[in-house]
$ cat coords35.txt   # compact mmCIF, N, CA and C atoms
# COMPACT_ATOMS: atom_id res chain seq x y z
N MET J 1 104.57 73.54 -39.91
CA MET J 1 103.93 74.32 -38.88
C MET J 1 104.11 75.80 -39.20
N ASN J 2 103.10 76.53 -38.96
CA ASN J 2 103.10 77.93 -39.30
C ASN J 2 103.90 78.69 -38.26
N LEU J 3 104.76 79.62 -38.72
CA LEU J 3 105.62 80.41 -37.84
C LEU J 3 104.79 81.33 -36.94
N GLY J 4 103.67 81.84 -37.42
CA GLY J 4 102.79 82.71 -36.64
C GLY J 4 102.17 81.97 -35.47
N ILE J 5 101.79 80.68 -35.70
CA ILE J 5 101.20 79.89 -34.63
C ILE J 5 102.25 79.59 -33.57
N LEU J 6 103.49 79.35 -33.99
CA LEU J 6 104.60 79.08 -33.06
C LEU J 6 104.87 80.29 -32.19
N LYS J 7 104.93 81.47 -32.82
CA LYS J 7 105.15 82.71 -32.06
C LYS J 7 104.01 82.94 -31.07
N PHE J 8 102.78 82.70 -31.53
CA PHE J 8 101.62 82.87 -30.67
C PHE J 8 101.68 81.91 -29.48
N GLY J 9 102.11 80.68 -29.70
CA GLY J 9 102.22 79.68 -28.64
C GLY J 9 103.28 80.08 -27.61
N ILE J 10 104.42 80.57 -28.08
CA ILE J 10 105.49 81.00 -27.17
C ILE J 10 105.03 82.21 -26.36
N LEU J 11 104.38 83.15 -27.03
CA LEU J 11 103.86 84.34 -26.34
C LEU J 11 102.82 83.96 -25.30
N LEU J 12 101.95 83.04 -25.65
CA LEU J 12 100.94 82.56 -24.72
C LEU J 12 101.58 81.88 -23.51
N LEU J 13 102.60 81.07 -23.75
CA LEU J 13 103.31 80.38 -22.67
C LEU J 13 104.01 81.37 -21.74
N LEU J 14 104.69 82.37 -22.31
CA LEU J 14 105.36 83.39 -21.49
C LEU J 14 104.36 84.20 -20.68
N THR J 15 103.24 84.53 -21.29
CA THR J 15 102.21 85.29 -20.59
C THR J 15 101.64 84.47 -19.43
N ALA J 16 101.43 83.23 -19.64
CA ALA J 16 100.88 82.36 -18.59
C ALA J 16 101.86 82.22 -17.43
N LEU J 17 103.16 82.16 -17.74
CA LEU J 17 104.15 81.99 -16.69
C LEU J 17 104.37 83.26 -15.87
N THR J 18 104.19 84.41 -16.51
CA THR J 18 104.44 85.67 -15.80
C THR J 18 103.17 86.34 -15.32
N ASN J 19 102.03 85.71 -15.49
CA ASN J 19 100.77 86.28 -15.06
C ASN J 19 100.77 86.43 -13.53
N PRO J 20 100.48 87.62 -13.01
CA PRO J 20 100.50 87.83 -11.56
C PRO J 20 99.48 87.00 -10.80
N LEU J 21 98.43 86.57 -11.47
CA LEU J 21 97.44 85.75 -10.78
C LEU J 21 97.96 84.33 -10.55
N ILE J 22 98.84 83.89 -11.43
CA ILE J 22 99.38 82.54 -11.31
C ILE J 22 100.62 82.52 -10.43
N CYS J 23 101.47 83.56 -10.59
CA CYS J 23 102.72 83.61 -9.84
C CYS J 23 102.44 83.93 -8.37
N ALA J 24 103.08 83.22 -7.49
CA ALA J 24 102.91 83.45 -6.06
C ALA J 24 104.14 84.19 -5.54
N ALA J 25 103.93 85.24 -4.80
CA ALA J 25 105.01 86.01 -4.19
C ALA J 25 104.75 86.11 -2.70
N GLN J 26 105.76 86.60 -1.97
CA GLN J 26 105.59 86.78 -0.53
C GLN J 26 104.61 87.91 -0.28
N SER J 27 103.80 87.74 0.70
CA SER J 27 102.85 88.80 1.03
C SER J 27 103.58 89.91 1.78
N PRO J 28 103.18 91.16 1.60
CA PRO J 28 103.89 92.27 2.24
C PRO J 28 103.63 92.37 3.74
N ALA J 29 102.61 91.73 4.23
CA ALA J 29 102.29 91.80 5.66
C ALA J 29 103.08 90.76 6.43
N SER J 30 103.67 91.20 7.55
CA SER J 30 104.37 90.27 8.42
C SER J 30 104.19 90.73 9.86
N ALA J 31 104.21 89.80 10.74
CA ALA J 31 104.03 90.11 12.15
C ALA J 31 105.27 89.69 12.92
N VAL J 32 105.76 90.58 13.78
CA VAL J 32 106.91 90.29 14.61
C VAL J 32 106.41 90.07 16.02
N ILE J 33 106.72 88.92 16.55
CA ILE J 33 106.33 88.60 17.92
C ILE J 33 107.58 88.76 18.77
N GLN J 34 107.53 89.69 19.72
CA GLN J 34 108.71 90.02 20.52
C GLN J 34 108.36 89.96 22.00
N ASP J 35 109.24 89.37 22.75
CA ASP J 35 109.06 89.28 24.19
C ASP J 35 109.16 90.68 24.80
N PRO J 36 108.25 91.07 25.68
CA PRO J 36 108.30 92.41 26.28
C PRO J 36 109.57 92.67 27.10
N LYS J 37 110.22 91.61 27.52
CA LYS J 37 111.45 91.79 28.29
C LYS J 37 112.55 92.42 27.44
N ILE J 38 112.51 92.19 26.13
CA ILE J 38 113.52 92.76 25.24
C ILE J 38 113.44 94.28 25.25
N GLU J 39 112.25 94.82 25.24
CA GLU J 39 112.09 96.27 25.25
C GLU J 39 112.59 96.86 26.57
N ARG J 40 112.36 96.15 27.68
CA ARG J 40 112.87 96.63 28.97
C ARG J 40 114.40 96.59 28.99
N LEU J 41 114.98 95.53 28.43
CA LEU J 41 116.44 95.45 28.36
C LEU J 41 117.02 96.57 27.50
N LEU J 42 116.38 96.86 26.39
CA LEU J 42 116.85 97.94 25.53
C LEU J 42 116.76 99.29 26.24
N ALA J 43 115.69 99.50 27.00
CA ALA J 43 115.55 100.75 27.75
C ALA J 43 116.65 100.87 28.80
N GLU J 44 116.96 99.77 29.47
CA GLU J 44 118.03 99.77 30.48
C GLU J 44 119.38 100.03 29.82
N LYS J 45 119.61 99.43 28.67
CA LYS J 45 120.86 99.63 27.93
C LYS J 45 121.01 101.08 27.49
N ARG J 46 119.91 101.68 27.04
CA ARG J 46 119.96 103.10 26.65
C ARG J 46 120.31 103.97 27.85
N LYS J 47 119.75 103.63 29.00
CA LYS J 47 120.03 104.39 30.22
C LYS J 47 121.51 104.27 30.60
N ILE J 48 122.05 103.06 30.51
CA ILE J 48 123.46 102.84 30.83
C ILE J 48 124.35 103.57 29.84
N ASN J 49 124.02 103.47 28.57
CA ASN J 49 124.83 104.13 27.54
C ASN J 49 124.86 105.64 27.73
N SER J 50 123.74 106.21 28.16
CA SER J 50 123.70 107.66 28.35
C SER J 50 124.57 108.10 29.52
N SER J 51 124.84 107.20 30.45
CA SER J 51 125.67 107.58 31.60
C SER J 51 127.15 107.36 31.36
N ILE J 52 127.52 106.74 30.24
CA ILE J 52 128.93 106.52 29.94
C ILE J 52 129.55 107.84 29.52
N THR J 53 130.66 108.18 30.14
CA THR J 53 131.30 109.45 29.87
C THR J 53 132.11 109.38 28.58
N ILE J 54 131.70 110.15 27.60
CA ILE J 54 132.48 110.24 26.37
C ILE J 54 132.84 111.70 26.06
N THR J 55 132.39 112.60 26.90
CA THR J 55 132.72 114.00 26.72
C THR J 55 133.37 114.51 27.99
N ASP J 56 133.71 115.76 27.99
CA ASP J 56 134.37 116.36 29.15
C ASP J 56 133.34 116.73 30.21
N LYS J 57 133.08 115.80 31.10
CA LYS J 57 132.15 116.04 32.20
C LYS J 57 132.89 115.77 33.50
N TYR J 58 132.35 116.30 34.57
CA TYR J 58 132.98 116.17 35.88
C TYR J 58 132.20 115.20 36.75
N LYS J 59 132.93 114.55 37.64
CA LYS J 59 132.34 113.65 38.63
C LYS J 59 132.96 113.97 39.98
N ILE J 60 132.33 113.44 41.02
CA ILE J 60 132.87 113.59 42.37
C ILE J 60 133.19 112.21 42.89
N GLN J 61 134.41 112.05 43.38
CA GLN J 61 134.81 110.77 43.95
C GLN J 61 134.59 110.82 45.46
N LEU J 62 133.76 109.90 45.94
CA LEU J 62 133.46 109.85 47.37
C LEU J 62 134.39 108.91 48.12
N PHE J 63 134.83 107.85 47.44
CA PHE J 63 135.58 106.80 48.13
C PHE J 63 136.52 106.12 47.17
N SER J 64 137.64 105.63 47.70
CA SER J 64 138.57 104.80 46.95
C SER J 64 139.13 103.78 47.92
N GLY J 65 138.97 102.48 47.60
CA GLY J 65 139.46 101.45 48.50
C GLY J 65 138.95 100.08 48.13
N GLU J 66 138.62 99.29 49.17
CA GLU J 66 138.19 97.91 48.97
C GLU J 66 136.77 97.82 48.41
N ASN J 67 136.49 96.71 47.76
CA ASN J 67 135.22 96.49 47.09
C ASN J 67 134.03 96.55 48.05
N GLU J 68 134.09 95.86 49.15
CA GLU J 68 132.96 95.81 50.09
C GLU J 68 132.66 97.19 50.67
N THR J 69 133.69 97.95 51.00
CA THR J 69 133.48 99.29 51.54
C THR J 69 132.92 100.21 50.47
N ALA J 70 133.37 100.04 49.23
CA ALA J 70 132.85 100.83 48.12
C ALA J 70 131.37 100.55 47.91
N LYS J 71 130.98 99.27 47.99
CA LYS J 71 129.57 98.91 47.84
C LYS J 71 128.72 99.54 48.95
N LYS J 72 129.24 99.49 50.18
CA LYS J 72 128.50 100.06 51.31
C LYS J 72 128.36 101.57 51.15
N THR J 73 129.43 102.22 50.72
CA THR J 73 129.38 103.67 50.50
C THR J 73 128.37 104.02 49.42
N LEU J 74 128.33 103.23 48.35
CA LEU J 74 127.39 103.46 47.26
C LEU J 74 125.94 103.31 47.73
N VAL J 75 125.67 102.25 48.48
CA VAL J 75 124.31 102.02 48.99
C VAL J 75 123.89 103.15 49.92
N ASP J 76 124.78 103.55 50.82
CA ASP J 76 124.46 104.65 51.75
C ASP J 76 124.20 105.95 51.00
N PHE J 77 125.02 106.21 49.99
CA PHE J 77 124.83 107.44 49.22
C PHE J 77 123.50 107.43 48.48
N ARG J 78 123.17 106.31 47.86
CA ARG J 78 121.91 106.22 47.09
C ARG J 78 120.68 106.37 47.98
N LYS J 79 120.77 105.92 49.23
CA LYS J 79 119.64 106.08 50.16
C LYS J 79 119.37 107.56 50.42
N GLU J 80 120.43 108.35 50.55
CA GLU J 80 120.29 109.76 50.89
C GLU J 80 120.10 110.66 49.67
N ASN J 81 120.63 110.26 48.52
CA ASN J 81 120.62 111.12 47.33
C ASN J 81 120.09 110.35 46.13
N LYS J 82 118.81 110.41 45.95
CA LYS J 82 118.19 109.68 44.84
C LYS J 82 118.27 110.45 43.52
N ASN J 83 118.58 111.75 43.59
CA ASN J 83 118.59 112.57 42.38
C ASN J 83 119.94 112.58 41.66
N LEU J 84 120.99 112.03 42.28
CA LEU J 84 122.31 112.00 41.65
C LEU J 84 122.68 110.58 41.24
N ASP J 85 123.25 110.47 40.06
CA ASP J 85 123.71 109.18 39.55
C ASP J 85 124.98 108.79 40.30
N ALA J 86 125.11 107.51 40.64
CA ALA J 86 126.29 107.03 41.36
C ALA J 86 126.69 105.66 40.82
N THR J 87 127.99 105.42 40.79
CA THR J 87 128.49 104.14 40.28
C THR J 87 129.83 103.79 40.93
N ILE J 88 130.18 102.51 40.81
CA ILE J 88 131.49 102.05 41.28
C ILE J 88 132.35 101.81 40.05
N VAL J 89 133.56 102.33 40.09
CA VAL J 89 134.51 102.17 38.99
C VAL J 89 135.73 101.45 39.55
N PHE J 90 136.18 100.41 38.83
CA PHE J 90 137.38 99.70 39.26
C PHE J 90 138.56 100.25 38.49
N ASN J 91 139.55 100.72 39.24
CA ASN J 91 140.79 101.22 38.66
C ASN J 91 141.91 100.62 39.50
N THR J 92 142.63 99.67 38.93
CA THR J 92 143.62 98.88 39.66
C THR J 92 144.41 99.75 40.62
N PRO J 93 144.53 99.42 41.84
CA PRO J 93 144.07 98.26 42.58
C PRO J 93 142.84 98.53 43.44
N SER J 94 142.15 99.65 43.20
CA SER J 94 141.06 99.99 44.12
C SER J 94 139.75 100.25 43.40
N TYR J 95 138.69 100.21 44.19
CA TYR J 95 137.35 100.50 43.72
C TYR J 95 137.02 101.93 44.12
N LYS J 96 136.41 102.67 43.20
CA LYS J 96 136.10 104.08 43.45
C LYS J 96 134.61 104.31 43.30
N VAL J 97 134.06 105.11 44.16
CA VAL J 97 132.65 105.50 44.06
C VAL J 97 132.61 106.90 43.47
N TRP J 98 132.06 106.98 42.26
CA TRP J 98 131.91 108.26 41.56
C TRP J 98 130.44 108.62 41.49
N ILE J 99 130.16 109.88 41.68
CA ILE J 99 128.78 110.34 41.58
C ILE J 99 128.68 111.50 40.61
N GLY J 100 127.49 111.64 40.06
CA GLY J 100 127.20 112.77 39.19
C GLY J 100 127.71 112.61 37.78
N ASN J 101 127.27 113.52 36.96
CA ASN J 101 127.69 113.64 35.58
C ASN J 101 127.53 115.12 35.24
N PHE J 102 128.36 115.93 35.87
CA PHE J 102 128.20 117.38 35.83
C PHE J 102 128.78 117.96 34.55
N LYS J 103 128.03 118.85 33.92
CA LYS J 103 128.45 119.44 32.64
C LYS J 103 129.52 120.51 32.82
N SER J 104 129.48 121.19 33.95
CA SER J 104 130.47 122.26 34.17
C SER J 104 131.15 122.07 35.51
N ARG J 105 132.31 122.67 35.64
CA ARG J 105 133.08 122.57 36.88
C ARG J 105 132.35 123.28 38.02
N ILE J 106 131.70 124.40 37.71
CA ILE J 106 130.98 125.16 38.73
C ILE J 106 129.85 124.32 39.32
N GLU J 107 129.10 123.63 38.46
CA GLU J 107 128.01 122.77 38.91
C GLU J 107 128.54 121.65 39.81
N ALA J 108 129.67 121.08 39.43
CA ALA J 108 130.27 120.00 40.22
C ALA J 108 130.78 120.52 41.56
N GLU J 109 131.36 121.71 41.57
CA GLU J 109 131.89 122.27 42.82
C GLU J 109 130.77 122.62 43.80
N LYS J 110 129.62 123.03 43.28
CA LYS J 110 128.47 123.31 44.17
C LYS J 110 128.03 122.02 44.86
N ALA J 111 127.94 120.94 44.10
CA ALA J 111 127.55 119.65 44.68
C ALA J 111 128.62 119.16 45.65
N LEU J 112 129.88 119.36 45.30
CA LEU J 112 130.99 118.93 46.17
C LEU J 112 130.94 119.65 47.51
N PHE J 113 130.63 120.93 47.48
CA PHE J 113 130.56 121.71 48.72
C PHE J 113 129.54 121.09 49.68
N ASP J 114 128.38 120.69 49.16
CA ASP J 114 127.34 120.08 50.00
C ASP J 114 127.75 118.69 50.47
N LEU J 115 128.41 117.92 49.60
CA LEU J 115 128.79 116.54 49.94
C LEU J 115 129.96 116.46 50.91
N LYS J 116 130.76 117.50 51.00
CA LYS J 116 131.92 117.50 51.90
C LYS J 116 131.50 117.38 53.37
N LYS J 117 130.27 117.79 53.69
CA LYS J 117 129.79 117.69 55.07
C LYS J 117 129.67 116.22 55.48
N ARG J 118 129.17 115.41 54.58
CA ARG J 118 128.97 113.98 54.88
C ARG J 118 130.18 113.13 54.50
N TYR J 119 130.86 113.52 53.41
CA TYR J 119 132.03 112.78 52.91
C TYR J 119 133.22 113.75 52.83
N PRO J 120 133.96 113.91 53.92
CA PRO J 120 135.03 114.91 53.97
C PRO J 120 136.18 114.64 52.99
N ASN J 121 136.35 113.39 52.56
CA ASN J 121 137.45 113.07 51.64
C ASN J 121 137.03 113.16 50.17
N ALA J 122 135.83 113.60 49.90
CA ALA J 122 135.34 113.70 48.52
C ALA J 122 136.13 114.77 47.77
N PHE J 123 136.32 114.52 46.47
CA PHE J 123 137.00 115.51 45.63
C PHE J 123 136.50 115.39 44.19
N LEU J 124 136.80 116.41 43.41
CA LEU J 124 136.34 116.52 42.04
C LEU J 124 137.28 115.75 41.11
N VAL J 125 136.70 115.01 40.16
CA VAL J 125 137.51 114.30 39.16
C VAL J 125 136.95 114.61 37.77
N LYS J 126 137.85 114.55 36.80
CA LYS J 126 137.47 114.70 35.40
C LYS J 126 137.99 113.46 34.69
N PRO J 127 137.13 112.44 34.53
CA PRO J 127 137.58 111.17 33.97
C PRO J 127 138.09 111.31 32.54
N ASN J 128 139.01 110.44 32.20
CA ASN J 128 139.50 110.39 30.83
C ASN J 128 138.44 109.81 29.94
N LYS J 129 138.53 110.09 28.66
CA LYS J 129 137.56 109.56 27.70
C LYS J 129 137.75 108.07 27.53
$ encode --input "coords35.txt" --output "structure tokens"
Amino acid sequence: MNLGILKFGILLLLTALTNPLICAAQSPASAVIQDPKIERLLAEKRKINSSITITDKYKIQLFSGENETAKKTLVDFRKENKNLDATIVFNTPSYKVWIGNFKSRIEAEKALFDLKKRYPNAFLVKPNK
């Protein structure tokens, strides 16, 4: 057998195996089907994450005590003040109602002055990180 014909046959075989028309690869197009509820959950999670205190910000504590009273205080506060963020924080052994996420002490004291009329026991707090 001629060595040239053998080389030609091997080259032809390799070319046929690596030919892009013959080789099948994954197509670059893909479609992701996602439930719309996932996007709403992510938006809610982003909102919650943005309210987590990781810097030196001030809050106002309206109440400290039992869970049911803390819930009632929170609901009453939210009815009257829709522009301020409010949450319940559990710190053994009591539940605390904290409002706001004030960047400066002066801003927090201005809000505290107004809130003292309705909540006389309210005071300024600077939560730990």
$ residues_around --input "coords35.txt" --residues "region 104-107 of chain J" --least-positions-apart "4" --cutoff "9 Å" --atoms "only C-alpha atoms" --output "number ranges by chain"
J: 56-58, 111-112, 124
$ residues_around --input "coords35.txt" --residues "Ser64 (chain J)" --least-positions-apart "5" --cutoff "7 Å" --atoms "only C-alpha atoms" --output "PyMOL selection string"
chain J and resi 94-97
$ write_last_selection --input "coords35.txt" --atoms "N, CA and C atoms" --output "short mmCIF file (atom, residue, chain, number, x, y, z; two decimals), in the frame of the given file"
data_model
loop_
_atom_site.label_atom_id
_atom_site.label_comp_id
_atom_site.auth_asym_id
_atom_site.auth_seq_id
_atom_site.Cartn_x
_atom_site.Cartn_y
_atom_site.Cartn_z
N SER J 94 142.15 99.65 43.20
CA SER J 94 141.06 99.99 44.12
C SER J 94 139.75 100.25 43.40
N TYR J 95 138.69 100.21 44.19
CA TYR J 95 137.35 100.50 43.72
C TYR J 95 137.02 101.93 44.12
N LYS J 96 136.41 102.67 43.20
CA LYS J 96 136.10 104.08 43.45
C LYS J 96 134.61 104.31 43.30
N VAL J 97 134.06 105.11 44.16
CA VAL J 97 132.65 105.50 44.06
C VAL J 97 132.61 106.90 43.47
#
$ atom_distance --input "coords35.txt" --atom1 "CA of Ile88 (chain J)" --atom2 "CA of Glu39 (chain J)"
25.8 Å
$ select_by_dssp --input "coords35.txt" --residues "chain J" --states "strand (DSSP E)" --output "PDB file with N, CA and C atoms, in the frame of the given file"
ATOM      1  N   TYR J  58     132.350 116.300  34.570  1.00  0.00           N
ATOM      2  CA  TYR J  58     132.980 116.170  35.880  1.00  0.00           C
ATOM      3  C   TYR J  58     132.200 115.200  36.750  1.00  0.00           C
ATOM      4  N   LYS J  59     132.930 114.550  37.640  1.00  0.00           N
ATOM      5  CA  LYS J  59     132.340 113.650  38.630  1.00  0.00           C
ATOM      6  C   LYS J  59     132.960 113.970  39.980  1.00  0.00           C
ATOM      7  N   ILE J  60     132.330 113.440  41.020  1.00  0.00           N
ATOM      8  CA  ILE J  60     132.870 113.590  42.370  1.00  0.00           C
ATOM      9  C   ILE J  60     133.190 112.210  42.890  1.00  0.00           C
ATOM     10  N   GLN J  61     134.410 112.050  43.380  1.00  0.00           N
ATOM     11  CA  GLN J  61     134.810 110.770  43.950  1.00  0.00           C
ATOM     12  C   GLN J  61     134.590 110.820  45.460  1.00  0.00           C
ATOM     13  N   LEU J  62     133.760 109.900  45.940  1.00  0.00           N
ATOM     14  CA  LEU J  62     133.460 109.850  47.370  1.00  0.00           C
ATOM     15  C   LEU J  62     134.390 108.910  48.120  1.00  0.00           C
ATOM     16  N   PHE J  63     134.830 107.850  47.440  1.00  0.00           N
ATOM     17  CA  PHE J  63     135.580 106.800  48.130  1.00  0.00           C
ATOM     18  C   PHE J  63     136.520 106.120  47.170  1.00  0.00           C
ATOM     19  N   SER J  64     137.640 105.630  47.700  1.00  0.00           N
ATOM     20  CA  SER J  64     138.570 104.800  46.950  1.00  0.00           C
ATOM     21  C   SER J  64     139.130 103.780  47.920  1.00  0.00           C
ATOM     22  N   GLY J  65     138.970 102.480  47.600  1.00  0.00           N
ATOM     23  CA  GLY J  65     139.460 101.450  48.500  1.00  0.00           C
ATOM     24  C   GLY J  65     138.950 100.080  48.130  1.00  0.00           C
ATOM     25  N   ALA J  86     125.110 107.510  40.640  1.00  0.00           N
ATOM     26  CA  ALA J  86     126.290 107.030  41.360  1.00  0.00           C
ATOM     27  C   ALA J  86     126.690 105.660  40.820  1.00  0.00           C
ATOM     28  N   THR J  87     127.990 105.420  40.790  1.00  0.00           N
ATOM     29  CA  THR J  87     128.490 104.140  40.280  1.00  0.00           C
ATOM     30  C   THR J  87     129.830 103.790  40.930  1.00  0.00           C
ATOM     31  N   ILE J  88     130.180 102.510  40.810  1.00  0.00           N
ATOM     32  CA  ILE J  88     131.490 102.050  41.280  1.00  0.00           C
ATOM     33  C   ILE J  88     132.350 101.810  40.050  1.00  0.00           C
ATOM     34  N   VAL J  89     133.560 102.330  40.090  1.00  0.00           N
ATOM     35  CA  VAL J  89     134.510 102.170  38.990  1.00  0.00           C
ATOM     36  C   VAL J  89     135.730 101.450  39.550  1.00  0.00           C
ATOM     37  N   PHE J  90     136.180 100.410  38.830  1.00  0.00           N
ATOM     38  CA  PHE J  90     137.380  99.700  39.260  1.00  0.00           C
ATOM     39  C   PHE J  90     138.560 100.250  38.490  1.00  0.00           C
ATOM     40  N   ASN J  91     139.550 100.720  39.240  1.00  0.00           N
ATOM     41  CA  ASN J  91     140.790 101.220  38.660  1.00  0.00           C
ATOM     42  C   ASN J  91     141.910 100.620  39.500  1.00  0.00           C
ATOM     43  N   SER J  94     142.150  99.650  43.200  1.00  0.00           N
ATOM     44  CA  SER J  94     141.060  99.990  44.120  1.00  0.00           C
ATOM     45  C   SER J  94     139.750 100.250  43.400  1.00  0.00           C
ATOM     46  N   TYR J  95     138.690 100.210  44.190  1.00  0.00           N
ATOM     47  CA  TYR J  95     137.350 100.500  43.720  1.00  0.00           C
ATOM     48  C   TYR J  95     137.020 101.930  44.120  1.00  0.00           C
ATOM     49  N   LYS J  96     136.410 102.670  43.200  1.00  0.00           N
ATOM     50  CA  LYS J  96     136.100 104.080  43.450  1.00  0.00           C
ATOM     51  C   LYS J  96     134.610 104.310  43.300  1.00  0.00           C
ATOM     52  N   VAL J  97     134.060 105.110  44.160  1.00  0.00           N
ATOM     53  CA  VAL J  97     132.650 105.500  44.060  1.00  0.00           C
ATOM     54  C   VAL J  97     132.610 106.900  43.470  1.00  0.00           C
ATOM     55  N   TRP J  98     132.060 106.980  42.260  1.00  0.00           N
ATOM     56  CA  TRP J  98     131.910 108.260  41.560  1.00  0.00           C
ATOM     57  C   TRP J  98     130.440 108.620  41.490  1.00  0.00           C
ATOM     58  N   ILE J  99     130.160 109.880  41.680  1.00  0.00           N
ATOM     59  CA  ILE J  99     128.780 110.340  41.580  1.00  0.00           C
ATOM     60  C   ILE J  99     128.680 111.500  40.610  1.00  0.00           C
ATOM     61  N   GLY J 100     127.490 111.640  40.060  1.00  0.00           N
ATOM     62  CA  GLY J 100     127.200 112.770  39.190  1.00  0.00           C
ATOM     63  C   GLY J 100     127.710 112.610  37.780  1.00  0.00           C
ATOM     64  N   ASN J 101     127.270 113.520  36.960  1.00  0.00           N
ATOM     65  CA  ASN J 101     127.690 113.640  35.580  1.00  0.00           C
ATOM     66  C   ASN J 101     127.530 115.120  35.240  1.00  0.00           C
ATOM     67  N   PHE J 102     128.360 115.930  35.870  1.00  0.00           N
ATOM     68  CA  PHE J 102     128.200 117.380  35.830  1.00  0.00           C
ATOM     69  C   PHE J 102     128.780 117.960  34.550  1.00  0.00           C
ATOM     70  N   PHE J 123     136.320 114.520  46.470  1.00  0.00           N
ATOM     71  CA  PHE J 123     137.000 115.510  45.630  1.00  0.00           C
ATOM     72  C   PHE J 123     136.500 115.390  44.190  1.00  0.00           C
ATOM     73  N   LEU J 124     136.800 116.410  43.410  1.00  0.00           N
ATOM     74  CA  LEU J 124     136.340 116.520  42.040  1.00  0.00           C
ATOM     75  C   LEU J 124     137.280 115.750  41.110  1.00  0.00           C
ATOM     76  N   VAL J 125     136.700 115.010  40.160  1.00  0.00           N
ATOM     77  CA  VAL J 125     137.510 114.300  39.160  1.00  0.00           C
ATOM     78  C   VAL J 125     136.950 114.610  37.770  1.00  0.00           C
TER      79      VAL J 125
END
$ atom_distance --input "coords35.txt" --atom1 "CA of Val89 (chain J)" --atom2 "CA of Ile48 (chain J)"
13.8 Å
